[in-house]
Structure formats: structure tokens, C-alpha cells
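Novice: The structure file my_file33.pdb (PDB, C-alpha atoms) is provided below.
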```pdb
ATOM      1  CA  MET F   1     -78.041 110.547-133.532
ATOM      2  CA  ALA F   2     -74.839 112.536-133.266
ATOM      3  CA  SER F   3     -73.094 113.295-129.995
ATOM      4  CA  PRO F   4     -73.923 116.598-128.257
ATOM      5  CA  GLU F   5     -70.596 118.068-129.418
ATOM      6  CA  ILE F   6     -71.193 117.192-133.076
ATOM      7  CA  GLU F   7     -74.764 118.443-132.834
ATOM      8  CA  ALA F   8     -73.521 121.713-131.288
ATOM      9  CA  LEU F   9     -71.079 122.136-134.202
ATOM     10  CA  THR F  10     -73.881 121.481-136.680
ATOM     11  CA  GLN F  11     -76.141 124.034-134.999
ATOM     12  CA  ALA F  12     -73.339 126.615-134.896
ATOM     13  CA  LEU F  13     -72.718 126.215-138.637
ATOM     14  CA  ALA F  14     -76.451 126.304-139.390
ATOM     15  CA  ARG F  15     -76.618 129.819-137.890
ATOM     16  CA  LEU F  16     -74.192 131.143-140.508
ATOM     17  CA  PRO F  17     -75.694 133.084-143.440
ATOM     18  CA  GLY F  18     -76.350 130.877-146.435
ATOM     19  CA  LEU F  19     -76.259 127.639-144.455
ATOM     20  CA  GLY F  20     -79.308 125.828-143.219
ATOM     21  CA  PRO F  21     -79.511 122.636-141.156
ATOM     22  CA  ARG F  22     -78.944 120.348-144.158
ATOM     23  CA  SER F  23     -75.951 122.252-145.496
ATOM     24  CA  ALA F  24     -74.495 122.442-141.992
ATOM     25  CA  ARG F  25     -74.846 118.660-141.583
ATOM     26  CA  ARG F  26     -73.091 118.100-144.923
ATOM     27  CA  ALA F  27     -70.286 120.455-143.893
ATOM     28  CA  VAL F  28     -69.866 118.702-140.534
ATOM     29  CA  LEU F  29     -69.803 115.281-142.202
ATOM     30  CA  HIS F  30     -67.135 116.539-144.611
ATOM     31  CA  LEU F  31     -65.076 117.938-141.735
ATOM     32  CA  LEU F  32     -65.331 114.658-139.833
ATOM     33  CA  LYS F  33     -64.507 112.558-142.885
ATOM     34  CA  LYS F  34     -61.505 114.727-143.828
ATOM     35  CA  ARG F  35     -60.457 115.369-140.256
ATOM     36  CA  ASP F  36     -56.725 115.842-140.863
ATOM     37  CA  ALA F  37     -57.080 117.811-144.100
ATOM     38  CA  ALA F  38     -60.090 119.946-143.167
ATOM     39  CA  LEU F  39     -60.968 120.012-139.459
ATOM     40  CA  GLY F  40     -57.495 120.778-138.088
ATOM     41  CA  PRO F  41     -56.719 123.623-140.507
ATOM     42  CA  LEU F  42     -60.206 125.091-139.972
ATOM     43  CA  ARG F  43     -59.727 125.033-136.185
ATOM     44  CA  GLU F  44     -56.306 126.679-136.500
ATOM     45  CA  ALA F  45     -57.598 129.363-138.876
ATOM     46  CA  LEU F  46     -60.577 130.171-136.634
ATOM     47  CA  THR F  47     -58.343 130.375-133.560
ATOM     48  CA  ALA F  48     -55.833 132.650-135.303
ATOM     49  CA  VAL F  49     -58.552 135.019-136.519
ATOM     50  CA  ASP F  50     -60.307 135.000-133.135
ATOM     51  CA  GLU F  51     -57.074 135.926-131.342
ATOM     52  CA  ARG F  52     -56.048 138.707-133.740
ATOM     53  CA  LEU F  53     -59.317 140.175-135.072
ATOM     54  CA  GLU F  54     -59.524 143.989-134.899
ATOM     55  CA  ASN F  55     -61.528 146.863-136.320
ATOM     56  CA  CYS F  56     -59.384 149.244-138.332
ATOM     57  CA  SER F  57     -59.136 152.552-136.465
ATOM     58  CA  VAL F  58     -58.880 154.425-139.786
ATOM     59  CA  CYS F  59     -61.648 153.026-141.998
ATOM     60  CA  GLY F  60     -63.683 150.584-139.884
ATOM     61  CA  ASN F  61     -62.701 147.465-141.867
ATOM     62  CA  VAL F  62     -62.260 144.156-140.032
ATOM     63  CA  ASP F  63     -58.772 142.657-140.265
ATOM     64  CA  THR F  64     -56.057 141.052-138.180
ATOM     65  CA  THR F  65     -53.952 144.235-138.282
ATOM     66  CA  ASN F  66     -54.644 147.836-137.304
ATOM     67  CA  PRO F  67     -54.573 149.770-139.561
ATOM     68  CA  CYS F  68     -55.962 147.200-141.971
ATOM     69  CA  ALA F  69     -54.074 145.980-145.043
ATOM     70  CA  ILE F  70     -56.000 148.367-147.312
ATOM     71  CA  CYS F  71     -55.238 151.469-145.231
ATOM     72  CA  ALA F  72     -51.588 150.412-144.829
ATOM     73  CA  ASP F  73     -51.074 149.862-148.575
ATOM     74  CA  PRO F  74     -48.917 152.768-149.861
ATOM     75  CA  ARG F  75     -49.998 152.057-153.466
ATOM     76  CA  ARG F  76     -53.570 153.146-152.689
ATOM     77  CA  ASP F  77     -54.703 156.599-153.786
ATOM     78  CA  GLN F  78     -54.939 158.536-150.526
ATOM     79  CA  ARG F  79     -56.956 161.345-152.127
ATOM     80  CA  SER F  80     -60.012 159.256-153.089
ATOM     81  CA  LEU F  81     -62.377 157.657-150.617
ATOM     82  CA  CYS F  82     -65.194 155.173-151.202
ATOM     83  CA  VAL F  83     -67.875 155.222-148.497
ATOM     84  CA  VAL F  84     -69.771 151.970-147.877
ATOM     85  CA  GLU F  85     -72.421 150.824-145.424
ATOM     86  CA  GLU F  86     -70.827 147.598-144.185
ATOM     87  CA  VAL F  87     -67.555 145.656-144.278
ATOM     88  CA  ALA F  88     -69.128 143.167-146.717
ATOM     89  CA  ASP F  89     -69.624 146.055-149.181
ATOM     90  CA  LEU F  90     -65.960 147.058-148.816
ATOM     91  CA  TRP F  91     -64.808 143.496-149.473
ATOM     92  CA  ALA F  92     -67.070 143.186-152.529
ATOM     93  CA  LEU F  93     -65.785 146.430-154.071
ATOM     94  CA  ASP F  94     -62.168 145.684-153.229
ATOM     95  CA  ARG F  95     -62.474 142.215-154.775
ATOM     96  CA  SER F  96     -63.274 143.880-158.109
ATOM     97  CA  ARG F  97     -59.880 145.667-157.986
ATOM     98  CA  LEU F  98     -61.464 148.600-159.827
ATOM     99  CA  PHE F  99     -61.262 151.227-157.080
ATOM    100  CA  PRO F 100     -57.669 152.351-156.428
ATOM    101  CA  GLY F 101     -58.388 154.491-153.366
ATOM    102  CA  ARG F 102     -59.223 153.954-149.729
ATOM    103  CA  PHE F 103     -62.490 153.055-148.022
ATOM    104  CA  HIS F 104     -64.656 154.205-145.148
ATOM    105  CA  VAL F 105     -67.177 151.876-143.461
ATOM    106  CA  LEU F 106     -70.174 153.644-141.907
ATOM    107  CA  GLY F 107     -71.295 150.653-139.878
ATOM    108  CA  GLY F 108     -74.854 150.717-141.236
ATOM    109  CA  ARG F 109     -77.271 153.172-142.814
ATOM    110  CA  LEU F 110     -79.738 155.743-141.558
ATOM    111  CA  SER F 111     -83.097 154.210-140.723
ATOM    112  CA  ALA F 112     -85.894 155.929-138.833
ATOM    113  CA  LEU F 113     -87.748 152.621-138.451
ATOM    114  CA  GLU F 114     -84.749 150.924-136.843
ATOM    115  CA  GLY F 115     -83.804 154.013-134.835
ATOM    116  CA  ILE F 116     -80.410 154.422-136.532
ATOM    117  CA  ARG F 117     -79.412 158.094-136.414
ATOM    118  CA  PRO F 118     -76.364 159.896-137.879
ATOM    119  CA  GLU F 119     -74.564 159.730-134.532
ATOM    120  CA  ASP F 120     -74.911 155.924-134.589
ATOM    121  CA  LEU F 121     -72.747 155.750-137.728
ATOM    122  CA  SER F 122     -69.133 156.797-138.287
ATOM    123  CA  ILE F 123     -70.124 159.910-140.235
ATOM    124  CA  ASP F 124     -68.221 162.320-137.955
ATOM    125  CA  ASN F 125     -65.039 160.283-138.515
ATOM    126  CA  LEU F 126     -65.725 160.432-142.268
ATOM    127  CA  VAL F 127     -65.999 164.235-142.132
ATOM    128  CA  ARG F 128     -62.665 164.409-140.260
ATOM    129  CA  ARG F 129     -61.011 162.273-142.943
ATOM    130  CA  ILE F 130     -62.370 164.543-145.674
ATOM    131  CA  GLU F 131     -61.148 167.641-143.802
ATOM    132  CA  ALA F 132     -57.656 166.127-143.744
ATOM    133  CA  GLY F 133     -57.538 166.221-147.548
ATOM    134  CA  ILE F 134     -59.642 164.163-149.930
ATOM    135  CA  ASP F 135     -60.296 165.034-153.587
ATOM    136  CA  GLU F 136     -63.137 162.609-154.364
ATOM    137  CA  VAL F 137     -65.736 160.831-152.251
ATOM    138  CA  VAL F 138     -67.594 157.937-153.872
ATOM    139  CA  LEU F 139     -70.879 157.242-152.067
ATOM    140  CA  ALA F 140     -71.333 153.503-152.612
ATOM    141  CA  MET F 141     -74.573 153.056-150.705
ATOM    142  CA  ASN F 142     -77.000 150.265-151.495
ATOM    143  CA  ALA F 143     -79.854 151.144-153.859
ATOM    144  CA  THR F 144     -82.430 151.112-151.064
ATOM    145  CA  LEU F 145     -84.451 153.972-149.626
ATOM    146  CA  GLU F 146     -82.274 153.956-146.495
ATOM    147  CA  GLY F 147     -79.073 153.739-148.534
ATOM    148  CA  GLN F 148     -80.031 156.684-150.713
ATOM    149  CA  THR F 149     -81.166 158.685-147.662
ATOM    150  CA  THR F 150     -77.755 158.048-146.106
ATOM    151  CA  ALA F 151     -75.986 159.120-149.309
ATOM    152  CA  HIS F 152     -77.980 162.381-149.464
ATOM    153  CA  TYR F 153     -77.321 163.108-145.788
ATOM    154  CA  ILE F 154     -73.570 162.614-146.249
ATOM    155  CA  ALA F 155     -73.549 164.733-149.421
ATOM    156  CA  GLU F 156     -75.186 167.577-147.480
ATOM    157  CA  ARG F 157     -72.724 167.212-144.579
ATOM    158  CA  ILE F 158     -69.683 167.468-146.855
ATOM    159  CA  GLU F 159     -70.901 170.036-149.387
ATOM    160  CA  ARG F 160     -68.806 172.762-147.687
ATOM    161  CA  PHE F 161     -65.572 170.952-148.641
ATOM    162  CA  PRO F 162     -63.889 171.331-152.042
ATOM    163  CA  VAL F 163     -64.408 167.665-152.835
ATOM    164  CA  ARG F 164     -65.927 165.911-155.839
ATOM    165  CA  VAL F 165     -68.843 163.756-154.671
ATOM    166  CA  THR F 166     -69.944 160.866-156.891
ATOM    167  CA  GLN F 167     -72.078 157.799-156.412
ATOM    168  CA  LEU F 168     -72.308 154.389-158.007
ATOM    169  CA  ALA F 169     -74.475 154.135-161.091
ATOM    170  CA  HIS F 170     -77.721 152.220-160.695
ATOM    171  CA  GLY F 171     -79.732 150.579-163.406
ATOM    172  CA  LEU F 172     -79.673 147.542-165.642
ATOM    173  CA  PRO F 173     -77.437 144.681-164.556
ATOM    174  CA  VAL F 174     -75.217 143.093-167.191
ATOM    175  CA  GLY F 175     -77.127 140.149-168.635
ATOM    176  CA  GLY F 176     -80.422 141.335-167.155
ATOM    177  CA  GLU F 177     -83.628 141.034-169.132
ATOM    178  CA  LEU F 178     -86.039 143.956-169.033
ATOM    179  CA  ASP F 179     -89.046 141.725-168.396
ATOM    180  CA  TYR F 180     -87.596 140.544-165.061
ATOM    181  CA  LEU F 181     -86.546 143.932-163.656
ATOM    182  CA  ASP F 182     -88.561 145.943-161.166
ATOM    183  CA  GLU F 183     -89.934 149.390-162.001
ATOM    184  CA  GLY F 184     -87.451 151.213-159.761
ATOM    185  CA  THR F 185     -84.461 149.656-161.535
ATOM    186  CA  LEU F 186     -85.952 150.435-164.942
ATOM    187  CA  ALA F 187     -86.730 154.023-163.939
ATOM    188  CA  GLN F 188     -83.183 154.571-162.678
ATOM    189  CA  ALA F 189     -81.724 153.054-165.840
ATOM    190  CA  LEU F 190     -83.820 155.403-167.979
ATOM    191  CA  ARG F 191     -82.834 158.465-165.899
ATOM    192  CA  ALA F 192     -79.146 157.541-166.110
ATOM    193  CA  ARG F 193     -79.158 156.833-169.862
ATOM    194  CA  ARG F 194     -76.172 158.105-171.878
ATOM    195  CA  PRO F 195     -75.254 158.487-175.537
ATOM    196  CA  MET F 196     -74.128 155.454-177.506
ATOM    197  CA  ALA F 197     -70.390 155.362-178.020
TER
END
```
Could you render the structure from this file as C-alpha cells?

Specialist:
Amino acid sequence: MASPEIEALTQALARLPGLGPRSARRAVLHLLKKRDAALGPLREALTAVDERLENCSVCGNVDTTNPCAICADPRRDQRSLCVVEEVADLWALDRSRLFPGRFHVLGGRLSALEGIRPEDLSIDNLVRRIEAGIDEVVLAMNATLEGQTTAHYIAERIERFPVRVTQLAHGLPVGGELDYLDEGTLAQALRARRPMA
């Protein structure tokens, strides 16, 4: 049996997404075995992030600076804005390095079942950013009923502005086999079909 402190560390790691009790135990054993190379730097990194973590006052991203590194980057296109549900979505899109503009994190999506209303999200802040001068808004909502409801709500809220509103394409994933795809994905792929180049 491990000491209470080691067990507490294991339980804390096991609560992280993607880690269960076994994976957490393996991680703890690795940290203990490589104490100087792994445990110390991990402790220092966690402490530094904990002390400096902030929400960006412009876009809602999480960073150690305010405004965040993305909003502060002068090379970013200030006239295009990609709207996402959560910070994880922003990080995923930014990792691709395909979107040259800025981002806006809603902090969730509309959901009647969960009681999440428009005023619970940062939609008013989004509208203010668009009023200040945006040429294109990319609605990068998840392909769920709630995500698409949120996208439609936002599109209606901003239709009075002279802004181009687009959304991510949905359909067949690269490398996907038709036999394994659900009907909704197939239907969307058929609706969004385009001519062969």
C-alpha cells in the first residue's frame, strides 16, 4: 500500500480526463522513479501555471497573459473571427495553423435540457466585437444538435451586420469508411457534396 500522500496524488491524476486508476498509478510510479527529471519540473510547471493563469478578457481563452498570446499576436488577421464553444476547441483549431484570424470562446453551447441560455454564454461580447469591425465570422460549433442550435442563434443575432458568416463543413472524415459512419454524417456529406475538381 502506498502512503496517503502518494495515494492522494494517484487519485488526483485519476480524475483527469483520459486517465483512470491504472494509468494514474503508472504515471505516479514514473514520477517517483524519475523524481529529479520528472517530478520536480512537473511541480514547477504546475505552480507557475497556477500562479499566473488568467482568462483572456478579449476572447475568453485561458493563458498566463491577458490578453492571451493569440489576441496579442499582431500577425493575426483582426478582421476574421472564429467562434468556438470551449477553449479546447480553440486550441485544436489553432494547432492546425490553418486559421489566420482571431478567436472567440462562448464558454459552452445553448442547451434547454441543461438550462444554458444565451445570457449564460459570451454572445453579447461577441456581438460587441463584431460591431467594432469584423469582415468574416466562422461558426465552428460542434456537429451536435446543441452546437447547431447555437450556430443558428448567433447567425440570427448578427445578421444585421455587414459580415460574411460561414461555418465549418461537416461530413466524411478523411480515411473514413462509409460502412462505419452514422446516418447524420452521411446525410450531411451528401447535402454538402461539390463538383469534382

Novice: Can you turn the PyMOL selection byres ((chain F and resi 54-59) around 9) into a concrete residue list for this file, as a list in words?

Specialist: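 Residues picked by the PyMOL selection byres ((chain F and resi 54-59) around 9): Arg52, Leu53, Gly60, Asn61, Val62, Asp63, Thr64, Thr65, Asn66, Pro67, Cys68, Cys71, Arg102, Phe103, His104, Val105, Leu106, Asn125, Leu126 and Arg129 of chain F.
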
Novice: Considering all atoms listed in the file, can you say which of F:Val127, F:Leu46, F:Ala140, F:Leu81 comes closest to Arg109 of chain F?

Specialist: F:Ala140

Novice: Quick one: of F:Ala112, F:Leu19, F:Ile6, F:Leu39, who's nearest to Thr150 of chain F, counting all atoms listed in the file?

Specialist: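 Among the listed residues, F:Ala112 lies closest to Thr150 of chain F.
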
Novice: Quick check, in Å to one decimal: how far apart do atom CA of Arg79 of chain F and atom CA of Ile134 of chain F lie?

Specialist: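 Those two atoms sit 4.5 Å apart.
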
Novice: Name the residues in contact with Ala192 of chain F at a cut-off of 9 Å, using all atoms listed in the file, excluding same-chain residues fewer than 2 positions from it; report them as an MDAnalysis selection string.

Specialist: chainID F and resid 169:171 187:190 194

Novice: Taking all atoms listed in the file into account, which of F:Cys82, F:Ala88, F:Ala45, F:Val163 comes nearest Glu131 of chain F?

Specialist: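 Under the stated criterion, the closest residue is F:Val163.
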
Novice: Would you mind listing what lies within 10 Å of Ser80 of chain F as a list in words, with all atoms listed in the file counted and same-chain residues fewer than 3 positions away left out?

Specialist: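 Residues near the query, excluding close chain neighbours: Arg76, Asp77, Val83, Phe99, Pro100, Gly101, Arg102, Phe103, Ile130, Gly133, Ile134, Asp135, Glu136, Val137, Val138, Val163 and Arg164 of chain F.
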